[in-house]
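A.B. asks: I'd like to ask some things about the structure below.
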Amino acid sequence: MTLGTLPTPCRPTALGPLLPVVGAATRVPLATGGRARYVNLDNAASAPALEAVADRVARLLPHYASVHRGAGYLSRVSTALFEAARERVGAFVGARPDDVVVFTRSTTDALDLLSRAVPDGGRVLVADVEHHANLLPWQRSARTTVVRGGPDARATADALAAELAGGGYALLAVTGASNVTGEVLPLHRLARAAHAAGARVAVDGAQLLPHRRVEIAAAGIDWIALSGHKLYAPFGAGALVGRRDWLDAAEPYLAGGGATLDVRADAVRWAVGADRHEAGSPNVVGAVALAEACATLSALPDGALEAHEAALREQLVEGLGALEGVVVVRPHPADAVGVVTFTLPGHDASAVAAYLSAEHGVGVRDGRFCAHRFADSLGIPTGGLRASTGVGTSSRDVERLLGALEQFLASGPRLEYGVVDGAWGPLDDPRPAPADFLELVLDDAPLDAPLDAPDDVLHAPAR
Ligand code: PMP
């Protein structure tokens, strides 16, 4: 029996969102007619903005002006807000007082920057469980060793620790949590192993930080990379936080204004610290948004984030596990965030994802999750489906996914699916073209369903 079919008195207490996010009540058109409240189970890819973040941005915009460049009062306001955001992001990850916080576009950008700062000849160690963002910047160097991950996060850490013990590495680059299985890596242990062997540690915090508090100084982590859009601040900023020596000695990430102290025909004196790698006009809106998200998450009571997510993960894993025809990939890791990958053997994952969207208004990720080597070793070389929760996720969201899958397995999709314009979708799709959606829904208040509506799906005629 699945959660979707439990009689009402037996249902576990409904779990609501932990924090308000923008768009929680947005409805999307269904290809079967009508509209449904959009269920976003793709938080691991990009999470919606926290309402607190959107409010902060709205308050900033009337006062926004150039950063670091203007004498005008609002320029100075923006500069002060930008620098305060830097402090806040550093505090969020528990940085050391002399660490540097470089604002980047994203985790990919941050790790790419760090990969260019490894001292000449320094050897780097990674495992093949990494997202491409924490694999490809290293893998392109002949001085990188990629070890094979084990059957669980602990075994992967064992493999990394054993390799480190052989000595000779300058850096271990490791993810905090897998974007495929949600497994959390034992970072304290890995940092100890790395330091004992004379190596430093860089953590890809893209998936871990939205779910767990991390104190890099206390954990012995030398750098951590993060993305605002995964931390409920989708305004184009990320960060690299950590030790300044390698960064100060590295070539500036971008050559341009703001990164220099003095420029002559025959010589350039480059700045040190964050400025060195932040040439060009900085993204003050993104930085302020990211800082607000950090502040809001930090203000949650101890354990609240973990408890919310653990309950949703359990509901997901148990619900999926109870569906005959669904296989969950690594369902019960020792420690995991709310990211669950599964397959429906015999069905193309992309076709199922298209069905969930077209007939149920449920958004999940399908494919190999930018972790092709890991997908291969997990036995899903052609990909799977991934449901990921966030602070805006409720148990009703999980029920919507489970109910939709149950229906699919019991009676199949209502529509016919195929590859249309390079992507899976209904062969006959009456929904407005996605590119036209904003024009159609702007100011269309009825598209926002009250969150406590008895039925998420409205079977009105499709627009
Ligand atoms: N690392 C991990 C573990 C991720 O999940 C992602 C995003 N899917 C990234 C890095 C890259 O993040 P971004 O796209 O924000 O650069």
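Letters A, B, ... go to the chains of the structure tokens in the order shown; residues in each chain start at 1; ligands are counted from 1 in the same order.
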Which residues in segment 206-376 of chain A does DSSP call strand (DSSP E)? List them as a PyMOL selection string.

C.D. replies: chain A and resi 223-227+238-242+260-263+268-270+327-328+339-343+362-363+365-367

A.B. asks: Using only N, CA and C atoms, please write the residues we just selected to a file, as a JSON list (two decimals), in the first residue's frame.

C.D. replies:
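This went into out.json:
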[["chain", "number", "residue", "atom", "x", "y", "z"],
["A", 223, "TRP", "N", 38.65, 24.93, 1.75],
["A", 223, "TRP", "CA", 37.79, 25.75, 0.89],
["A", 223, "TRP", "C", 36.44, 25.07, 0.75],
["A", 224, "ILE", "N", 35.45, 25.91, 0.57],
["A", 224, "ILE", "CA", 34.13, 25.35, 0.25],
["A", 224, "ILE", "C", 33.52, 26.20, -0.87],
["A", 225, "ALA", "N", 32.86, 25.52, -1.80],
["A", 225, "ALA", "CA", 32.22, 26.20, -2.94],
["A", 225, "ALA", "C", 30.71, 26.05, -2.79],
["A", 226, "LEU", "N", 29.97, 27.08, -3.18],
["A", 226, "LEU", "CA", 28.51, 27.02, -3.04],
["A", 226, "LEU", "C", 27.82, 27.83, -4.14],
["A", 227, "SER", "N", 26.54, 27.51, -4.30],
["A", 227, "SER", "CA", 25.71, 28.19, -5.32],
["A", 227, "SER", "C", 24.49, 28.82, -4.67],
["A", 238, "GLY", "N", 27.35, 32.86, -6.47],
["A", 238, "GLY", "CA", 27.84, 31.73, -5.68],
["A", 238, "GLY", "C", 29.07, 32.23, -4.95],
["A", 239, "ALA", "N", 29.82, 31.33, -4.35],
["A", 239, "ALA", "CA", 31.01, 31.79, -3.64],
["A", 239, "ALA", "C", 32.03, 30.67, -3.49],
["A", 240, "LEU", "N", 33.28, 31.10, -3.37],
["A", 240, "LEU", "CA", 34.36, 30.22, -2.93],
["A", 240, "LEU", "C", 34.89, 30.84, -1.65],
["A", 241, "VAL", "N", 34.89, 30.06, -0.57],
["A", 241, "VAL", "CA", 35.31, 30.57, 0.72],
["A", 241, "VAL", "C", 36.49, 29.72, 1.21],
["A", 242, "GLY", "N", 37.55, 30.37, 1.66],
["A", 242, "GLY", "CA", 38.64, 29.57, 2.23],
["A", 242, "GLY", "C", 39.96, 30.31, 2.26],
["A", 260, "THR", "N", 42.84, 45.13, -10.21],
["A", 260, "THR", "CA", 44.20, 45.67, -10.31],
["A", 260, "THR", "C", 44.43, 46.81, -9.31],
["A", 261, "LEU", "N", 45.70, 47.01, -8.97],
["A", 261, "LEU", "CA", 46.10, 48.17, -8.17],
["A", 261, "LEU", "C", 46.67, 49.25, -9.06],
["A", 262, "ASP", "N", 47.37, 48.82, -10.12],
["A", 262, "ASP", "CA", 48.03, 49.79, -10.99],
["A", 262, "ASP", "C", 48.33, 49.12, -12.33],
["A", 263, "VAL", "N", 48.05, 49.85, -13.39],
["A", 263, "VAL", "CA", 48.27, 49.27, -14.72],
["A", 263, "VAL", "C", 49.17, 50.19, -15.54],
["A", 268, "VAL", "N", 51.50, 45.13, -14.68],
["A", 268, "VAL", "CA", 50.22, 45.25, -13.98],
["A", 268, "VAL", "C", 50.44, 44.77, -12.55],
["A", 269, "ARG", "N", 49.99, 45.59, -11.61],
["A", 269, "ARG", "CA", 50.01, 45.12, -10.22],
["A", 269, "ARG", "C", 48.60, 44.68, -9.87],
["A", 270, "TRP", "N", 48.49, 43.41, -9.56],
["A", 270, "TRP", "CA", 47.16, 42.86, -9.29],
["A", 270, "TRP", "C", 46.83, 42.98, -7.80],
["A", 327, "VAL", "N", 12.55, 1.13, -8.52],
["A", 327, "VAL", "CA", 13.77, 0.74, -7.81],
["A", 327, "VAL", "C", 14.48, 2.01, -7.34],
["A", 328, "VAL", "N", 14.70, 2.09, -6.03],
["A", 328, "VAL", "CA", 15.40, 3.25, -5.48],
["A", 328, "VAL", "C", 16.89, 2.95, -5.44],
["A", 339, "VAL", "N", 17.73, 13.96, -1.35],
["A", 339, "VAL", "CA", 17.92, 13.73, -2.79],
["A", 339, "VAL", "C", 17.79, 12.23, -3.03],
["A", 340, "VAL", "N", 16.80, 11.83, -3.82],
["A", 340, "VAL", "CA", 16.53, 10.39, -4.00],
["A", 340, "VAL", "C", 16.41, 10.08, -5.49],
["A", 341, "THR", "N", 17.26, 9.16, -5.93],
["A", 341, "THR", "CA", 17.22, 8.75, -7.34],
["A", 341, "THR", "C", 16.56, 7.38, -7.45],
["A", 342, "PHE", "N", 15.75, 7.23, -8.49],
["A", 342, "PHE", "CA", 15.05, 5.96, -8.67],
["A", 342, "PHE", "C", 14.84, 5.70, -10.16],
["A", 343, "THR", "N", 14.52, 4.44, -10.46],
["A", 343, "THR", "CA", 14.23, 4.09, -11.85],
["A", 343, "THR", "C", 12.92, 3.31, -11.90],
["A", 362, "VAL", "N", 4.16, 17.78, -11.85],
["A", 362, "VAL", "CA", 5.24, 17.47, -10.90],
["A", 362, "VAL", "C", 6.58, 17.61, -11.62],
["A", 363, "GLY", "N", 7.48, 18.38, -11.06],
["A", 363, "GLY", "CA", 8.80, 18.58, -11.69],
["A", 363, "GLY", "C", 9.88, 17.78, -10.98],
["A", 365, "ARG", "N", 13.92, 15.73, -11.88],
["A", 365, "ARG", "CA", 15.04, 15.73, -12.82],
["A", 365, "ARG", "C", 15.20, 14.32, -13.38],
["A", 366, "ASP", "N", 15.58, 14.21, -14.64],
["A", 366, "ASP", "CA", 15.86, 12.90, -15.21],
["A", 366, "ASP", "C", 17.21, 12.96, -15.91],
["A", 367, "GLY", "N", 17.80, 11.80, -16.13],
["A", 367, "GLY", "CA", 19.08, 11.77, -16.84],
["A", 367, "GLY", "C", 20.18, 11.22, -15.96]]

A.B. asks: Check every protein, DNA and RNA residue against ligand 1, keep those with an atom at most 8 Å away (counting only C-alpha atoms and all ligand atoms), and present them as an mmCIF file with N, CA, C and O atoms, in the first residue's frame.

C.D. replies:
data_model
loop_
_atom_site.group_PDB
_atom_site.id
_atom_site.type_symbol
_atom_site.label_atom_id
_atom_site.label_comp_id
_atom_site.auth_asym_id
_atom_site.auth_seq_id
_atom_site.Cartn_x
_atom_site.Cartn_y
_atom_site.Cartn_z
ATOM 1 N N ALA A 44 17.284 20.119 -5.874
ATOM 2 C CA ALA A 44 18.734 19.901 -5.961
ATOM 3 C C ALA A 44 19.314 20.588 -7.186
ATOM 4 O O ALA A 44 20.493 20.918 -7.217
ATOM 5 N N ALA A 45 18.487 20.783 -8.208
ATOM 6 C CA ALA A 45 18.973 21.477 -9.407
ATOM 7 C C ALA A 45 18.962 22.981 -9.144
ATOM 8 O O ALA A 45 19.998 23.638 -9.239
ATOM 9 N N SER A 46 17.808 23.520 -8.832
ATOM 10 C CA SER A 46 17.681 24.932 -8.463
ATOM 11 C C SER A 46 16.492 25.039 -7.525
ATOM 12 O O SER A 46 15.416 24.524 -7.841
ATOM 13 N N ARG A 105 29.943 33.105 -9.862
ATOM 14 C CA ARG A 105 28.592 32.913 -10.396
ATOM 15 C C ARG A 105 27.925 31.700 -9.753
ATOM 16 O O ARG A 105 26.715 31.643 -9.640
ATOM 17 N N SER A 106 28.726 30.711 -9.361
ATOM 18 C CA SER A 106 28.146 29.426 -8.976
ATOM 19 C C SER A 106 29.231 28.528 -8.394
ATOM 20 O O SER A 106 30.408 28.914 -8.338
ATOM 21 N N THR A 107 28.838 27.329 -8.041
ATOM 22 C CA THR A 107 29.811 26.327 -7.578
ATOM 23 C C THR A 107 30.763 25.958 -8.705
ATOM 24 O O THR A 107 31.976 25.816 -8.492
ATOM 25 N N THR A 108 30.242 25.788 -9.898
ATOM 26 C CA THR A 108 31.085 25.452 -11.047
ATOM 27 C C THR A 108 32.184 26.494 -11.200
ATOM 28 O O THR A 108 33.370 26.178 -11.353
ATOM 29 N N ASP A 109 31.775 27.743 -11.130
ATOM 30 C CA ASP A 109 32.706 28.853 -11.277
ATOM 31 C C ASP A 109 33.738 28.835 -10.141
ATOM 32 O O ASP A 109 34.939 29.040 -10.366
ATOM 33 N N ALA A 110 33.264 28.592 -8.922
ATOM 34 C CA ALA A 110 34.143 28.619 -7.752
ATOM 35 C C ALA A 110 35.189 27.505 -7.831
ATOM 36 O O ALA A 110 36.370 27.721 -7.544
ATOM 37 N N GLU A 130 31.813 12.293 -8.150
ATOM 38 C CA GLU A 130 31.580 13.742 -8.152
ATOM 39 C C GLU A 130 30.683 14.212 -9.298
ATOM 40 O O GLU A 130 30.675 13.631 -10.388
ATOM 41 N N HIS A 131 29.981 15.283 -9.023
ATOM 42 C CA HIS A 131 29.320 16.060 -10.072
ATOM 43 C C HIS A 131 30.420 16.581 -11.012
ATOM 44 O O HIS A 131 31.545 16.831 -10.571
ATOM 45 N N HIS A 132 30.091 16.754 -12.283
ATOM 46 C CA HIS A 132 31.127 17.187 -13.233
ATOM 47 C C HIS A 132 31.818 18.486 -12.796
ATOM 48 O O HIS A 132 32.974 18.723 -13.137
ATOM 49 N N ALA A 133 31.098 19.319 -12.037
ATOM 50 C CA ALA A 133 31.697 20.593 -11.593
ATOM 51 C C ALA A 133 32.904 20.352 -10.697
ATOM 52 O O ALA A 133 33.804 21.191 -10.630
ATOM 53 N N ASN A 134 32.903 19.235 -9.991
ATOM 54 C CA ASN A 134 34.026 18.924 -9.103
ATOM 55 C C ASN A 134 34.846 17.755 -9.651
ATOM 56 O O ASN A 134 35.552 17.096 -8.905
ATOM 57 N N THR A 175 32.939 16.128 -2.602
ATOM 58 C CA THR A 175 31.632 16.733 -2.401
ATOM 59 C C THR A 175 31.173 16.532 -0.960
ATOM 60 O O THR A 175 31.548 15.538 -0.314
ATOM 61 N N GLY A 176 30.358 17.469 -0.480
ATOM 62 C CA GLY A 176 29.782 17.308 0.849
ATOM 63 C C GLY A 176 28.636 16.320 0.818
ATOM 64 O O GLY A 176 28.453 15.518 1.741
ATOM 65 N N ALA A 177 27.839 16.370 -0.238
ATOM 66 C CA ALA A 177 26.713 15.444 -0.394
ATOM 67 C C ALA A 177 26.540 15.174 -1.878
ATOM 68 O O ALA A 177 26.697 16.082 -2.703
ATOM 69 N N SER A 178 26.192 13.924 -2.197
ATOM 70 C CA SER A 178 26.051 13.553 -3.606
ATOM 71 C C SER A 178 24.760 14.114 -4.195
ATOM 72 O O SER A 178 23.697 14.022 -3.570
ATOM 73 N N ASN A 179 24.872 14.629 -5.401
ATOM 74 C CA ASN A 179 23.659 15.125 -6.067
ATOM 75 C C ASN A 179 22.879 13.992 -6.715
ATOM 76 O O ASN A 179 21.824 14.229 -7.298
ATOM 77 N N VAL A 180 23.364 12.752 -6.594
ATOM 78 C CA VAL A 180 22.635 11.610 -7.177
ATOM 79 C C VAL A 180 21.949 10.793 -6.085
ATOM 80 O O VAL A 180 20.765 10.479 -6.194
ATOM 81 N N ASP A 204 32.952 20.590 -2.297
ATOM 82 C CA ASP A 204 31.851 21.056 -3.142
ATOM 83 C C ASP A 204 30.613 21.065 -2.241
ATOM 84 O O ASP A 204 30.061 20.019 -1.915
ATOM 85 N N GLY A 205 30.226 22.266 -1.824
ATOM 86 C CA GLY A 205 29.117 22.381 -0.871
ATOM 87 C C GLY A 205 27.761 22.587 -1.526
ATOM 88 O O GLY A 205 26.772 22.864 -0.834
ATOM 89 N N ALA A 206 27.701 22.434 -2.854
ATOM 90 C CA ALA A 206 26.456 22.767 -3.572
ATOM 91 C C ALA A 206 25.244 22.034 -2.997
ATOM 92 O O ALA A 206 24.189 22.638 -2.803
ATOM 93 N N GLN A 207 25.394 20.748 -2.719
ATOM 94 C CA GLN A 207 24.239 19.986 -2.223
ATOM 95 C C GLN A 207 24.166 19.922 -0.711
ATOM 96 O O GLN A 207 23.092 19.737 -0.147
ATOM 97 N N LEU A 208 25.300 20.057 -0.052
ATOM 98 C CA LEU A 208 25.274 19.907 1.407
ATOM 99 C C LEU A 208 24.734 21.158 2.099
ATOM 100 O O LEU A 208 23.909 21.073 3.014
ATOM 101 N N LEU A 226 29.972 27.078 -3.182
ATOM 102 C CA LEU A 226 28.513 27.023 -3.043
ATOM 103 C C LEU A 226 27.818 27.835 -4.136
ATOM 104 O O LEU A 226 28.431 28.694 -4.767
ATOM 105 N N SER A 227 26.543 27.514 -4.303
ATOM 106 C CA SER A 227 25.710 28.189 -5.323
ATOM 107 C C SER A 227 24.490 28.825 -4.672
ATOM 108 O O SER A 227 23.741 28.136 -3.966
ATOM 109 N N GLY A 228 24.246 30.106 -4.960
ATOM 110 C CA GLY A 228 23.060 30.764 -4.429
ATOM 111 C C GLY A 228 21.763 30.132 -4.886
ATOM 112 O O GLY A 228 20.808 30.000 -4.111
ATOM 113 N N HIS A 229 21.727 29.690 -6.153
ATOM 114 C CA HIS A 229 20.437 29.199 -6.659
ATOM 115 C C HIS A 229 20.034 27.864 -6.040
ATOM 116 O O HIS A 229 18.876 27.462 -6.136
ATOM 117 N N LYS A 230 20.980 27.193 -5.383
ATOM 118 C CA LYS A 230 20.599 25.973 -4.658
ATOM 119 C C LYS A 230 20.294 26.289 -3.195
ATOM 120 O O LYS A 230 19.821 25.449 -2.456
ATOM 121 N N GLY A 238 27.350 32.859 -6.465
ATOM 122 C CA GLY A 238 27.842 31.733 -5.679
ATOM 123 C C GLY A 238 29.074 32.229 -4.950
ATOM 124 O O GLY A 238 29.353 33.438 -4.954
ATOM 125 N N PHE A 369 22.358 13.375 -14.345
ATOM 126 C CA PHE A 369 22.585 14.360 -13.283
ATOM 127 C C PHE A 369 23.985 14.977 -13.300
ATOM 128 O O PHE A 369 24.543 15.287 -12.227
ATOM 129 N N CYS A 370 24.563 15.151 -14.482
ATOM 130 C CA CYS A 370 25.924 15.717 -14.595
ATOM 131 C C CYS A 370 26.913 14.940 -13.728
ATOM 132 O O CYS A 370 27.834 15.528 -13.135
#

A.B. asks: Residues within 10 Å of segment 146-153 of chain A, please, as a ChimeraX atom specification. Count only C-alpha atoms; anything in the same chain fewer than 4 positions from it doesn't count.

C.D. replies: /A:124-130,135,138-139,157-160,163,177-178,181-186,330,332-336,373-374,377-378

A.B. asks: So what do you get for atom CA of Gly121 of chain A versus atom CA of Gly198 of chain A, distance-wise?

C.D. replies: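 These atoms are spaced 14.5 Å apart.
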
A.B. asks: Ranking A:Ala142, A:Arg213, A:Val329, A:Arg76 by minimum distance to Ala304 of chain A and counting only C-alpha atoms, which one comes first?

C.D. replies: A:Arg213

A.B. asks: Please give the complete set of residues from segment 155-278 of chain A that DSSP, run on the backbone, assigns to helix (DSSP H, G or I), formatted as a PyMOL selection string.

C.D. replies: chain A and resi 155-165+187-196+216-219+228-230+245-249+273-277

A.B. asks: Please, what distance in Å, to one decimal, runs between atom CA of Gly220 of chain A and atom CA of Ala162 of chain A?

C.D. replies: 18.6 Å
